[in-house]
Amino acid sequence: MIVLRSKQEIEKLRHCGEITAEILEALELILKPGLTTLDLERAALGVIQKRGARSAFKGYHGFPGNICVSINEEIVHGIPGPKKLRDGDIVGIDVGVVKNGYYGDMARTYPVGTVDEEKIRLLNVSREALAKGVAQAFAGNWLHDISHAIEKHAVGAGYSVVKAFVGHGIGTRMHEDPQVPNFGKPRTGPRLRPGMVLAIEPMVNMGTGEVVVLSDGWTAVTKDGRVSAHFEDTIAVTESGPEVLTCLKKNR
């Protein structure tokens, strides 16, 4: 069942989205070679606690971390720990918070130090794919118009999209209906209506779209070992078009 959120509920979701954006801004400022993924988690947790929220990930189906940190060939669900960032890495950081019963979910992938042009191009195309998907989130469009726009842009640039993991509805639970795949045929799926709130999250791989989950039961990596990028925003479908909720208030 797809829940349509009221303006008051969207305001609460917007507040959660602002917190996720604040977390990622803080982490981007400290990113450098030599930091551990646990250092990033501790910094994120400081912002979460300061804002009176809690992590939406910690304990979710047993996940042990407060954020997900995924490096290079790691696609999603990397567990924070002692692994150090190295010059030339790319690192995907996925943050989720809950406050007053509502959720926010956001991800970005960043370069660490000096990164080669091939990786920078992947980051740019993946960021653009997210924007292409968000641009289709108008009332009256179909859900898979979003999916198709993401796939068309990523595949057209020579990359693949991950099909094993998809975006989702979000509201009073982290994952709600509908699923939002990063692939699909236009003019299919549910019609978009004002009040829908969606987490759109392209995962774009330099090589194959196939995925392997490591022995920790969480970390998903590319089957061929090539790098992957992950970008995510939570958006509301409104009568005047899509609104990105996961951004700082000063940027609205």
# chains A, B, ... in the order shown; residues from 1 in each chain; ligands from 1
>>> select_by_dssp(residues="range 22-241 of chain A", states="strand (DSSP E)", output="PyMOL selection string")
chain A and resi 54-55+68-71+74-76+90-99+102-111+160-161+167-169+176-180+197-200+203-205+211-213+220-222+228-230+233-238+241
>>> residues_around(residues="Ser160 in chain A", least_positions_apart="6", cutoff="10 Å", atoms="only C-alpha atoms", output="list in words")
Glu151, Lys152, His153, Ala154, Phe183, Met203, Val204, Asn205, Met206, Gly207, Thr208, Gly209, Glu210 and Ser228 of chain A
>>> write_last_selection(atoms="N, CA and C atoms", output="JSON list (two decimals), in the first residue's frame")
[["chain", "number", "residue", "atom", "x", "y", "z"],
["A", 151, "GLU", "N", 18.31, 4.59, -15.64],
["A", 151, "GLU", "CA", 18.97, 3.55, -16.42],
["A", 151, "GLU", "C", 19.48, 4.09, -17.75],
["A", 152, "LYS", "N", 18.67, 4.88, -18.43],
["A", 152, "LYS", "CA", 19.06, 5.41, -19.73],
["A", 152, "LYS", "C", 20.33, 6.24, -19.62],
["A", 153, "HIS", "N", 20.42, 7.08, -18.60],
["A", 153, "HIS", "CA", 21.59, 7.94, -18.47],
["A", 153, "HIS", "C", 22.84, 7.14, -18.10],
["A", 154, "ALA", "N", 22.70, 6.21, -17.15],
["A", 154, "ALA", "CA", 23.87, 5.44, -16.72],
["A", 154, "ALA", "C", 24.37, 4.50, -17.81],
["A", 183, "PHE", "N", 15.90, 0.76, -13.01],
["A", 183, "PHE", "CA", 15.76, 0.22, -14.36],
["A", 183, "PHE", "C", 14.29, -0.01, -14.62],
["A", 203, "MET", "N", 22.53, 3.11, -7.99],
["A", 203, "MET", "CA", 23.83, 2.50, -7.72],
["A", 203, "MET", "C", 24.40, 2.12, -9.08],
["A", 204, "VAL", "N", 25.46, 2.78, -9.46],
["A", 204, "VAL", "CA", 25.98, 2.70, -10.82],
["A", 204, "VAL", "C", 27.38, 2.09, -10.77],
["A", 205, "ASN", "N", 27.60, 1.05, -11.58],
["A", 205, "ASN", "CA", 28.87, 0.33, -11.58],
["A", 205, "ASN", "C", 29.66, 0.59, -12.85],
["A", 206, "MET", "N", 30.98, 0.64, -12.71],
["A", 206, "MET", "CA", 31.85, 0.84, -13.85],
["A", 206, "MET", "C", 31.85, -0.40, -14.75],
["A", 207, "GLY", "N", 31.66, -1.56, -14.18],
["A", 207, "GLY", "CA", 31.64, -2.81, -14.94],
["A", 207, "GLY", "C", 30.28, -3.47, -14.88],
["A", 208, "THR", "N", 30.27, -4.73, -14.47],
["A", 208, "THR", "CA", 29.03, -5.50, -14.40],
["A", 208, "THR", "C", 28.10, -4.97, -13.30],
["A", 209, "GLY", "N", 26.81, -5.18, -13.51],
["A", 209, "GLY", "CA", 25.83, -4.83, -12.49],
["A", 209, "GLY", "C", 25.62, -5.93, -11.47],
["A", 210, "GLU", "N", 26.32, -7.06, -11.64],
["A", 210, "GLU", "CA", 26.13, -8.19, -10.74],
["A", 210, "GLU", "C", 26.78, -7.92, -9.39],
["A", 228, "SER", "N", 32.05, 1.25, -7.83],
["A", 228, "SER", "CA", 30.62, 1.55, -7.86],
["A", 228, "SER", "C", 30.38, 2.88, -7.15]]
>>> select_by_dssp(residues="range 4-193 of chain A", states="alpha helix (DSSP H)", output="JSON, numbers by chain")
{"A": [7, 8, 9, 10, 11, 12, 13, 14, 15, 16, 17, 18, 19, 20, 21, 22, 23, 24, 25, 26, 27, 28, 29, 30, 37, 38, 39, 40, 41, 42, 43, 44, 45, 46, 47, 48, 49, 50, 117, 118, 119, 120, 121, 122, 123, 124, 125, 126, 127, 128, 129, 130, 131, 132, 133, 134, 143, 144, 145, 146, 147, 148, 149, 150, 151, 152, 153, 154, 155, 156]}
>>> write_last_selection(atoms="C-alpha atoms", output="tab-separated table (two decimals), in the first residue's frame")
chain	number	residue	atom	x	y	z
A	7	LYS	CA	1.79	18.60	4.20
A	8	GLN	CA	2.36	18.36	7.95
A	9	GLU	CA	3.94	14.92	7.56
A	10	ILE	CA	6.12	16.11	4.69
A	11	GLU	CA	7.36	18.92	6.93
A	12	LYS	CA	8.49	16.31	9.48
A	13	LEU	CA	10.17	14.30	6.72
A	14	ARG	CA	11.83	17.48	5.46
A	15	HIS	CA	13.27	18.06	8.95
A	16	CYS	CA	14.75	14.54	8.93
A	17	GLY	CA	16.13	15.18	5.46
A	18	GLU	CA	17.87	18.33	6.69
A	19	ILE	CA	19.57	16.28	9.40
A	20	THR	CA	20.88	13.75	6.86
A	21	ALA	CA	22.22	16.58	4.71
A	22	GLU	CA	23.92	18.13	7.74
A	23	ILE	CA	25.58	14.79	8.55
A	24	LEU	CA	26.96	14.38	5.04
A	25	GLU	CA	28.16	17.98	4.91
A	26	ALA	CA	30.08	17.40	8.16
A	27	LEU	CA	31.62	14.16	6.86
A	28	GLU	CA	32.61	15.67	3.52
A	29	LEU	CA	34.54	18.39	5.36
A	30	ILE	CA	36.72	15.88	7.23
A	37	THR	CA	35.38	4.28	8.35
A	38	LEU	CA	34.76	4.14	12.12
A	39	ASP	CA	36.05	7.73	12.39
A	40	LEU	CA	33.32	8.70	9.91
A	41	GLU	CA	30.68	6.86	11.92
A	42	ARG	CA	31.69	8.60	15.14
A	43	ALA	CA	31.51	12.01	13.48
A	44	ALA	CA	28.09	11.17	12.01
A	45	LEU	CA	26.80	9.99	15.37
A	46	GLY	CA	27.84	13.29	16.93
A	47	VAL	CA	25.61	15.20	14.49
A	48	ILE	CA	22.73	12.74	14.92
A	49	GLN	CA	22.79	13.12	18.69
A	50	LYS	CA	23.20	16.90	18.53
A	117	GLU	CA	39.48	10.86	-14.17
A	118	GLU	CA	37.75	7.52	-14.74
A	119	LYS	CA	36.38	7.49	-11.18
A	120	ILE	CA	35.43	11.18	-11.34
A	121	ARG	CA	33.43	10.50	-14.50
A	122	LEU	CA	31.58	7.67	-12.74
A	123	LEU	CA	30.71	10.00	-9.86
A	124	ASN	CA	29.48	12.70	-12.23
A	125	VAL	CA	27.33	10.33	-14.28
A	126	SER	CA	25.86	8.73	-11.15
A	127	ARG	CA	25.00	12.13	-9.67
A	128	GLU	CA	23.42	13.14	-12.98
A	129	ALA	CA	21.44	9.87	-13.09
A	130	LEU	CA	19.89	10.72	-9.73
A	131	ALA	CA	18.96	14.19	-10.99
A	132	LYS	CA	17.44	12.68	-14.16
A	133	GLY	CA	15.32	10.36	-12.03
A	134	VAL	CA	14.18	13.10	-9.65
A	143	LEU	CA	6.93	5.40	-11.23
A	144	HIS	CA	9.10	3.68	-13.80
A	145	ASP	CA	9.58	6.93	-15.68
A	146	ILE	CA	12.00	7.64	-12.82
A	147	SER	CA	13.59	4.21	-13.21
A	148	HIS	CA	13.96	4.49	-16.97
A	149	ALA	CA	15.56	7.95	-16.79
A	150	ILE	CA	18.21	6.64	-14.37
A	151	GLU	CA	18.97	3.55	-16.42
A	152	LYS	CA	19.06	5.41	-19.73
A	153	HIS	CA	21.59	7.94	-18.47
A	154	ALA	CA	23.87	5.44	-16.72
A	155	VAL	CA	23.85	2.80	-19.45
A	156	GLY	CA	24.16	5.47	-22.13
>>> residues_around(residues="Cys68 in chain A", least_positions_apart="5", cutoff="10 Å", atoms="only C-alpha atoms", output="MDAnalysis selection string")
chainID A and resid 37 40:41 57:58 63 76:80 92:96 107 218:219
>>> write_last_selection(atoms="all heavy atoms", output="compact mmCIF listing (two decimals), in the first residue's frame")
# COMPACT_ATOMS: atom_id res chain seq x y z
N THR A 37 36.83 4.19 8.52
CA THR A 37 35.38 4.28 8.35
C THR A 37 34.67 4.43 9.71
O THR A 37 33.59 5.01 9.79
CB THR A 37 34.83 3.07 7.58
OG1 THR A 37 35.19 1.86 8.26
CG2 THR A 37 35.41 3.03 6.18
N LEU A 40 34.46 8.08 10.57
CA LEU A 40 33.32 8.70 9.91
C LEU A 40 32.03 8.42 10.68
O LEU A 40 31.19 9.30 10.86
CB LEU A 40 33.20 8.21 8.47
CG LEU A 40 34.36 8.58 7.54
CD1 LEU A 40 34.18 7.91 6.18
CD2 LEU A 40 34.44 10.10 7.36
N GLU A 41 31.89 7.19 11.14
CA GLU A 41 30.68 6.86 11.92
C GLU A 41 30.60 7.68 13.19
O GLU A 41 29.53 8.20 13.54
CB GLU A 41 30.67 5.37 12.27
CG GLU A 41 29.62 5.06 13.33
CD GLU A 41 29.16 3.64 13.40
OE1 GLU A 41 28.27 3.30 12.62
OE2 GLU A 41 29.69 2.91 14.24
N PHE A 57 19.64 3.11 10.93
CA PHE A 57 20.30 1.88 10.47
C PHE A 57 20.71 0.96 11.62
O PHE A 57 20.67 -0.26 11.48
CB PHE A 57 21.55 2.22 9.66
CG PHE A 57 21.29 2.97 8.37
CD1 PHE A 57 22.35 3.55 7.68
CD2 PHE A 57 20.02 3.09 7.84
CE1 PHE A 57 22.13 4.23 6.49
CE2 PHE A 57 19.79 3.76 6.65
CZ PHE A 57 20.86 4.34 5.98
N LYS A 58 21.13 1.55 12.73
CA LYS A 58 21.66 0.75 13.84
C LYS A 58 20.61 -0.26 14.32
O LYS A 58 19.52 0.12 14.74
CB LYS A 58 22.05 1.67 14.99
CG LYS A 58 22.64 0.96 16.21
CD LYS A 58 24.07 0.57 15.97
CE LYS A 58 24.73 0.10 17.26
NZ LYS A 58 26.13 -0.27 17.07
N PHE A 63 21.74 -4.80 11.52
CA PHE A 63 22.90 -4.07 11.01
C PHE A 63 23.66 -3.44 12.18
O PHE A 63 23.05 -2.78 13.03
CB PHE A 63 22.48 -2.99 10.01
CG PHE A 63 23.64 -2.30 9.35
CD1 PHE A 63 24.37 -2.95 8.37
CD2 PHE A 63 24.02 -1.02 9.74
CE1 PHE A 63 25.46 -2.33 7.77
CE2 PHE A 63 25.11 -0.40 9.14
CZ PHE A 63 25.84 -1.05 8.15
N VAL A 76 27.05 -1.03 -1.47
CA VAL A 76 26.25 -0.53 -0.35
C VAL A 76 26.48 -1.41 0.86
O VAL A 76 27.03 -2.51 0.77
CB VAL A 76 24.73 -0.53 -0.67
CG1 VAL A 76 24.35 0.61 -1.59
CG2 VAL A 76 24.27 -1.87 -1.22
N HIS A 77 26.02 -0.90 2.02
CA HIS A 77 25.93 -1.65 3.28
C HIS A 77 27.29 -2.00 3.88
O HIS A 77 27.41 -2.95 4.65
CB HIS A 77 25.10 -2.93 3.11
CG HIS A 77 23.72 -2.69 2.58
ND1 HIS A 77 22.99 -3.65 1.90
CD2 HIS A 77 22.94 -1.57 2.60
CE1 HIS A 77 21.82 -3.14 1.53
NE2 HIS A 77 21.78 -1.87 1.96
N GLY A 78 28.32 -1.19 3.55
CA GLY A 78 29.61 -1.38 4.20
C GLY A 78 29.52 -1.05 5.68
O GLY A 78 28.92 -0.04 6.08
N ILE A 79 30.10 -1.89 6.53
CA ILE A 79 30.03 -1.73 7.98
C ILE A 79 31.23 -0.90 8.45
O ILE A 79 32.37 -1.22 8.13
CB ILE A 79 30.05 -3.10 8.68
CG1 ILE A 79 28.86 -3.96 8.22
CG2 ILE A 79 30.04 -2.95 10.19
CD1 ILE A 79 28.93 -5.41 8.68
N PRO A 80 30.98 0.19 9.20
CA PRO A 80 32.10 0.98 9.70
C PRO A 80 33.03 0.15 10.60
O PRO A 80 32.57 -0.69 11.38
CB PRO A 80 31.42 2.09 10.51
CG PRO A 80 30.04 2.18 9.93
CD PRO A 80 29.68 0.78 9.55
N GLY A 92 31.35 5.74 -0.66
CA GLY A 92 29.91 5.98 -0.59
C GLY A 92 29.47 5.97 0.87
O GLY A 92 29.78 5.05 1.62
N ILE A 93 28.76 7.03 1.27
CA ILE A 93 28.28 7.14 2.65
C ILE A 93 26.76 7.27 2.61
O ILE A 93 26.22 8.18 1.99
CB ILE A 93 28.89 8.36 3.36
CG1 ILE A 93 30.42 8.31 3.29
CG2 ILE A 93 28.42 8.41 4.81
CD1 ILE A 93 31.10 9.56 3.83
N ASP A 94 26.08 6.34 3.26
CA ASP A 94 24.62 6.28 3.30
C ASP A 94 24.20 6.55 4.74
O ASP A 94 24.67 5.87 5.67
CB ASP A 94 24.16 4.89 2.84
CG ASP A 94 22.67 4.81 2.58
OD1 ASP A 94 21.95 5.79 2.83
OD2 ASP A 94 22.21 3.73 2.15
N VAL A 95 23.36 7.56 4.94
CA VAL A 95 22.92 7.90 6.29
C VAL A 95 21.40 7.88 6.36
O VAL A 95 20.71 8.29 5.43
CB VAL A 95 23.45 9.28 6.74
CG1 VAL A 95 24.97 9.28 6.75
CG2 VAL A 95 22.95 10.40 5.85
N GLY A 96 20.89 7.38 7.47
CA GLY A 96 19.46 7.37 7.71
C GLY A 96 19.20 7.78 9.15
O GLY A 96 19.92 7.36 10.05
N ALA A 107 22.30 9.45 0.49
CA ALA A 107 23.64 8.90 0.26
C ALA A 107 24.38 9.75 -0.77
O ALA A 107 23.77 10.30 -1.69
CB ALA A 107 23.56 7.45 -0.21
N TRP A 218 26.49 -8.43 5.00
CA TRP A 218 25.98 -7.11 4.68
C TRP A 218 26.65 -6.47 3.47
O TRP A 218 25.97 -6.02 2.55
CB TRP A 218 26.13 -6.17 5.89
CG TRP A 218 25.13 -6.44 6.95
CD1 TRP A 218 25.32 -7.13 8.12
CD2 TRP A 218 23.75 -6.06 6.94
NE1 TRP A 218 24.16 -7.20 8.83
CE2 TRP A 218 23.18 -6.55 8.13
CE3 TRP A 218 22.95 -5.35 6.04
CZ2 TRP A 218 21.84 -6.35 8.44
CZ3 TRP A 218 21.62 -5.14 6.35
CH2 TRP A 218 21.07 -5.64 7.54
N THR A 219 27.96 -6.38 3.48
CA THR A 219 28.67 -5.60 2.47
C THR A 219 28.47 -6.20 1.08
O THR A 219 28.85 -7.35 0.82
CB THR A 219 30.17 -5.54 2.78
OG1 THR A 219 30.35 -5.10 4.14
CG2 THR A 219 30.88 -4.58 1.83
>>> residues_around(residues="Gly101 in chain A", least_positions_apart="3", cutoff="9 Å", atoms="only C-alpha atoms", output="PyMOL selection string")
chain A and resi 12+98+171-173
>>> decode(residues="range 139-153 of chain A", atoms="all heavy atoms", output="PDB file, in the first residue's frame")
ATOM      1  N   ALA A 139       3.650  14.512 -10.471  1.00  0.00           N
ATOM      2  CA  ALA A 139       2.325  13.908 -10.387  1.00  0.00           C
ATOM      3  C   ALA A 139       1.781  13.678 -11.786  1.00  0.00           C
ATOM      4  O   ALA A 139       1.873  14.554 -12.655  1.00  0.00           O
ATOM      5  CB  ALA A 139       1.394  14.817  -9.602  1.00  0.00           C
ATOM      6  N   GLY A 140       1.249  12.480 -12.016  1.00  0.00           N
ATOM      7  CA  GLY A 140       0.730  12.116 -13.332  1.00  0.00           C
ATOM      8  C   GLY A 140       1.684  11.253 -14.123  1.00  0.00           C
ATOM      9  O   GLY A 140       1.257  10.502 -15.011  1.00  0.00           O
ATOM     10  N   ASN A 141       2.990  11.352 -13.845  1.00  0.00           N
ATOM     11  CA  ASN A 141       3.945  10.428 -14.458  1.00  0.00           C
ATOM     12  C   ASN A 141       3.800   9.052 -13.826  1.00  0.00           C
ATOM     13  O   ASN A 141       3.105   8.862 -12.831  1.00  0.00           O
ATOM     14  CB  ASN A 141       5.381  10.934 -14.266  1.00  0.00           C
ATOM     15  CG  ASN A 141       5.789  11.940 -15.321  1.00  0.00           C
ATOM     16  OD1 ASN A 141       4.987  12.340 -16.155  1.00  0.00           O
ATOM     17  ND2 ASN A 141       7.047  12.362 -15.294  1.00  0.00           N
ATOM     18  N   TRP A 142       4.509   8.082 -14.399  1.00  0.00           N
ATOM     19  CA  TRP A 142       4.539   6.730 -13.857  1.00  0.00           C
ATOM     20  C   TRP A 142       5.825   6.533 -13.069  1.00  0.00           C
ATOM     21  O   TRP A 142       6.857   7.141 -13.373  1.00  0.00           O
ATOM     22  CB  TRP A 142       4.455   5.697 -14.983  1.00  0.00           C
ATOM     23  CG  TRP A 142       3.097   5.499 -15.576  1.00  0.00           C
ATOM     24  CD1 TRP A 142       2.219   4.481 -15.322  1.00  0.00           C
ATOM     25  CD2 TRP A 142       2.444   6.327 -16.562  1.00  0.00           C
ATOM     26  NE1 TRP A 142       1.068   4.616 -16.068  1.00  0.00           N
ATOM     27  CE2 TRP A 142       1.181   5.740 -16.849  1.00  0.00           C
ATOM     28  CE3 TRP A 142       2.796   7.496 -17.227  1.00  0.00           C
ATOM     29  CZ2 TRP A 142       0.287   6.280 -17.754  1.00  0.00           C
ATOM     30  CZ3 TRP A 142       1.902   8.044 -18.138  1.00  0.00           C
ATOM     31  CH2 TRP A 142       0.667   7.443 -18.391  1.00  0.00           C
ATOM     32  N   LEU A 143       5.759   5.646 -12.079  1.00  0.00           N
ATOM     33  CA  LEU A 143       6.930   5.398 -11.231  1.00  0.00           C
ATOM     34  C   LEU A 143       8.150   5.013 -12.055  1.00  0.00           C
ATOM     35  O   LEU A 143       9.264   5.482 -11.811  1.00  0.00           O
ATOM     36  CB  LEU A 143       6.613   4.295 -10.214  1.00  0.00           C
ATOM     37  CG  LEU A 143       7.748   3.963  -9.251  1.00  0.00           C
ATOM     38  CD1 LEU A 143       7.965   5.093  -8.257  1.00  0.00           C
ATOM     39  CD2 LEU A 143       7.464   2.664  -8.505  1.00  0.00           C
ATOM     40  N   HIS A 144       7.938   4.174 -13.049  1.00  0.00           N
ATOM     41  CA  HIS A 144       9.096   3.679 -13.798  1.00  0.00           C
ATOM     42  C   HIS A 144       9.611   4.679 -14.828  1.00  0.00           C
ATOM     43  O   HIS A 144      10.620   4.417 -15.479  1.00  0.00           O
ATOM     44  CB  HIS A 144       8.766   2.330 -14.450  1.00  0.00           C
ATOM     45  CG  HIS A 144       8.517   1.249 -13.447  1.00  0.00           C
ATOM     46  ND1 HIS A 144       7.877   0.062 -13.751  1.00  0.00           N
ATOM     47  CD2 HIS A 144       8.815   1.178 -12.121  1.00  0.00           C
ATOM     48  CE1 HIS A 144       7.784  -0.682 -12.665  1.00  0.00           C
ATOM     49  NE2 HIS A 144       8.348  -0.024 -11.670  1.00  0.00           N
ATOM     50  N   ASP A 145       8.956   5.825 -14.943  1.00  0.00           N
ATOM     51  CA  ASP A 145       9.581   6.930 -15.681  1.00  0.00           C
ATOM     52  C   ASP A 145      10.854   7.365 -14.957  1.00  0.00           C
ATOM     53  O   ASP A 145      11.858   7.710 -15.585  1.00  0.00           O
ATOM     54  CB  ASP A 145       8.625   8.115 -15.795  1.00  0.00           C
ATOM     55  CG  ASP A 145       7.430   7.835 -16.706  1.00  0.00           C
ATOM     56  OD1 ASP A 145       7.510   6.911 -17.530  1.00  0.00           O
ATOM     57  OD2 ASP A 145       6.419   8.543 -16.570  1.00  0.00           O
ATOM     58  N   ILE A 146      10.812   7.349 -13.619  1.00  0.00           N
ATOM     59  CA  ILE A 146      12.000   7.637 -12.815  1.00  0.00           C
ATOM     60  C   ILE A 146      13.072   6.586 -13.097  1.00  0.00           C
ATOM     61  O   ILE A 146      14.225   6.907 -13.384  1.00  0.00           O
ATOM     62  CB  ILE A 146      11.648   7.643 -11.315  1.00  0.00           C
ATOM     63  CG1 ILE A 146      10.645   8.741 -10.992  1.00  0.00           C
ATOM     64  CG2 ILE A 146      12.909   7.774 -10.467  1.00  0.00           C
ATOM     65  CD1 ILE A 146      10.082   8.672  -9.571  1.00  0.00           C
ATOM     66  N   SER A 147      12.667   5.328 -13.025  1.00  0.00           N
ATOM     67  CA  SER A 147      13.589   4.211 -13.210  1.00  0.00           C
ATOM     68  C   SER A 147      14.258   4.249 -14.583  1.00  0.00           C
ATOM     69  O   SER A 147      15.482   4.067 -14.709  1.00  0.00           O
ATOM     70  CB  SER A 147      12.830   2.887 -13.047  1.00  0.00           C
ATOM     71  OG  SER A 147      12.071   2.872 -11.852  1.00  0.00           O
ATOM     72  N   HIS A 148      13.456   4.494 -15.606  1.00  0.00           N
ATOM     73  CA  HIS A 148      13.963   4.494 -16.967  1.00  0.00           C
ATOM     74  C   HIS A 148      14.965   5.624 -17.187  1.00  0.00           C
ATOM     75  O   HIS A 148      15.997   5.443 -17.854  1.00  0.00           O
ATOM     76  CB  HIS A 148      12.804   4.616 -17.958  1.00  0.00           C
ATOM     77  CG  HIS A 148      13.233   4.690 -19.384  1.00  0.00           C
ATOM     78  ND1 HIS A 148      13.703   3.590 -20.075  1.00  0.00           N
ATOM     79  CD2 HIS A 148      13.282   5.734 -20.254  1.00  0.00           C
ATOM     80  CE1 HIS A 148      14.017   3.950 -21.305  1.00  0.00           C
ATOM     81  NE2 HIS A 148      13.775   5.245 -21.443  1.00  0.00           N
ATOM     82  N   ALA A 149      14.667   6.801 -16.618  1.00  0.00           N
ATOM     83  CA  ALA A 149      15.564   7.946 -16.790  1.00  0.00           C
ATOM     84  C   ALA A 149      16.932   7.653 -16.181  1.00  0.00           C
ATOM     85  O   ALA A 149      17.977   8.010 -16.757  1.00  0.00           O
ATOM     86  CB  ALA A 149      14.949   9.184 -16.162  1.00  0.00           C
ATOM     87  N   ILE A 150      16.955   7.005 -15.025  1.00  0.00           N
ATOM     88  CA  ILE A 150      18.212   6.645 -14.368  1.00  0.00           C
ATOM     89  C   ILE A 150      18.984   5.648 -15.227  1.00  0.00           C
ATOM     90  O   ILE A 150      20.176   5.839 -15.517  1.00  0.00           O
ATOM     91  CB  ILE A 150      17.933   6.050 -12.978  1.00  0.00           C
ATOM     92  CG1 ILE A 150      17.410   7.137 -12.032  1.00  0.00           C
ATOM     93  CG2 ILE A 150      19.182   5.383 -12.404  1.00  0.00           C
ATOM     94  CD1 ILE A 150      16.860   6.614 -10.724  1.00  0.00           C
ATOM     95  N   GLU A 151      18.307   4.589 -15.640  1.00  0.00           N
ATOM     96  CA  GLU A 151      18.969   3.547 -16.423  1.00  0.00           C
ATOM     97  C   GLU A 151      19.484   4.089 -17.748  1.00  0.00           C
ATOM     98  O   GLU A 151      20.624   3.806 -18.148  1.00  0.00           O
ATOM     99  CB  GLU A 151      18.001   2.396 -16.670  1.00  0.00           C
ATOM    100  CG  GLU A 151      18.618   1.245 -17.456  1.00  0.00           C
ATOM    101  CD  GLU A 151      17.629   0.119 -17.701  1.00  0.00           C
ATOM    102  OE1 GLU A 151      16.415   0.404 -17.798  1.00  0.00           O
ATOM    103  OE2 GLU A 151      18.065  -1.036 -17.803  1.00  0.00           O
ATOM    104  N   LYS A 152      18.671   4.880 -18.431  1.00  0.00           N
ATOM    105  CA  LYS A 152      19.064   5.411 -19.732  1.00  0.00           C
ATOM    106  C   LYS A 152      20.334   6.242 -19.625  1.00  0.00           C
ATOM    107  O   LYS A 152      21.248   6.121 -20.451  1.00  0.00           O
ATOM    108  CB  LYS A 152      17.924   6.248 -20.317  1.00  0.00           C
ATOM    109  CG  LYS A 152      18.240   6.827 -21.690  1.00  0.00           C
ATOM    110  CD  LYS A 152      17.056   7.643 -22.212  1.00  0.00           C
ATOM    111  CE  LYS A 152      17.379   8.254 -23.575  1.00  0.00           C
ATOM    112  NZ  LYS A 152      16.234   9.079 -24.080  1.00  0.00           N
ATOM    113  N   HIS A 153      20.418   7.079 -18.596  1.00  0.00           N
ATOM    114  CA  HIS A 153      21.587   7.945 -18.465  1.00  0.00           C
ATOM    115  C   HIS A 153      22.835   7.143 -18.105  1.00  0.00           C
ATOM    116  O   HIS A 153      23.903   7.349 -18.694  1.00  0.00           O
ATOM    117  CB  HIS A 153      21.334   9.014 -17.403  1.00  0.00           C
ATOM    118  CG  HIS A 153      22.392  10.066 -17.371  1.00  0.00           C
ATOM    119  ND1 HIS A 153      22.543  11.007 -18.367  1.00  0.00           N
ATOM    120  CD2 HIS A 153      23.393  10.307 -16.469  1.00  0.00           C
ATOM    121  CE1 HIS A 153      23.571  11.795 -18.091  1.00  0.00           C
ATOM    122  NE2 HIS A 153      24.099  11.393 -16.938  1.00  0.00           N
TER     123      HIS A 153
END
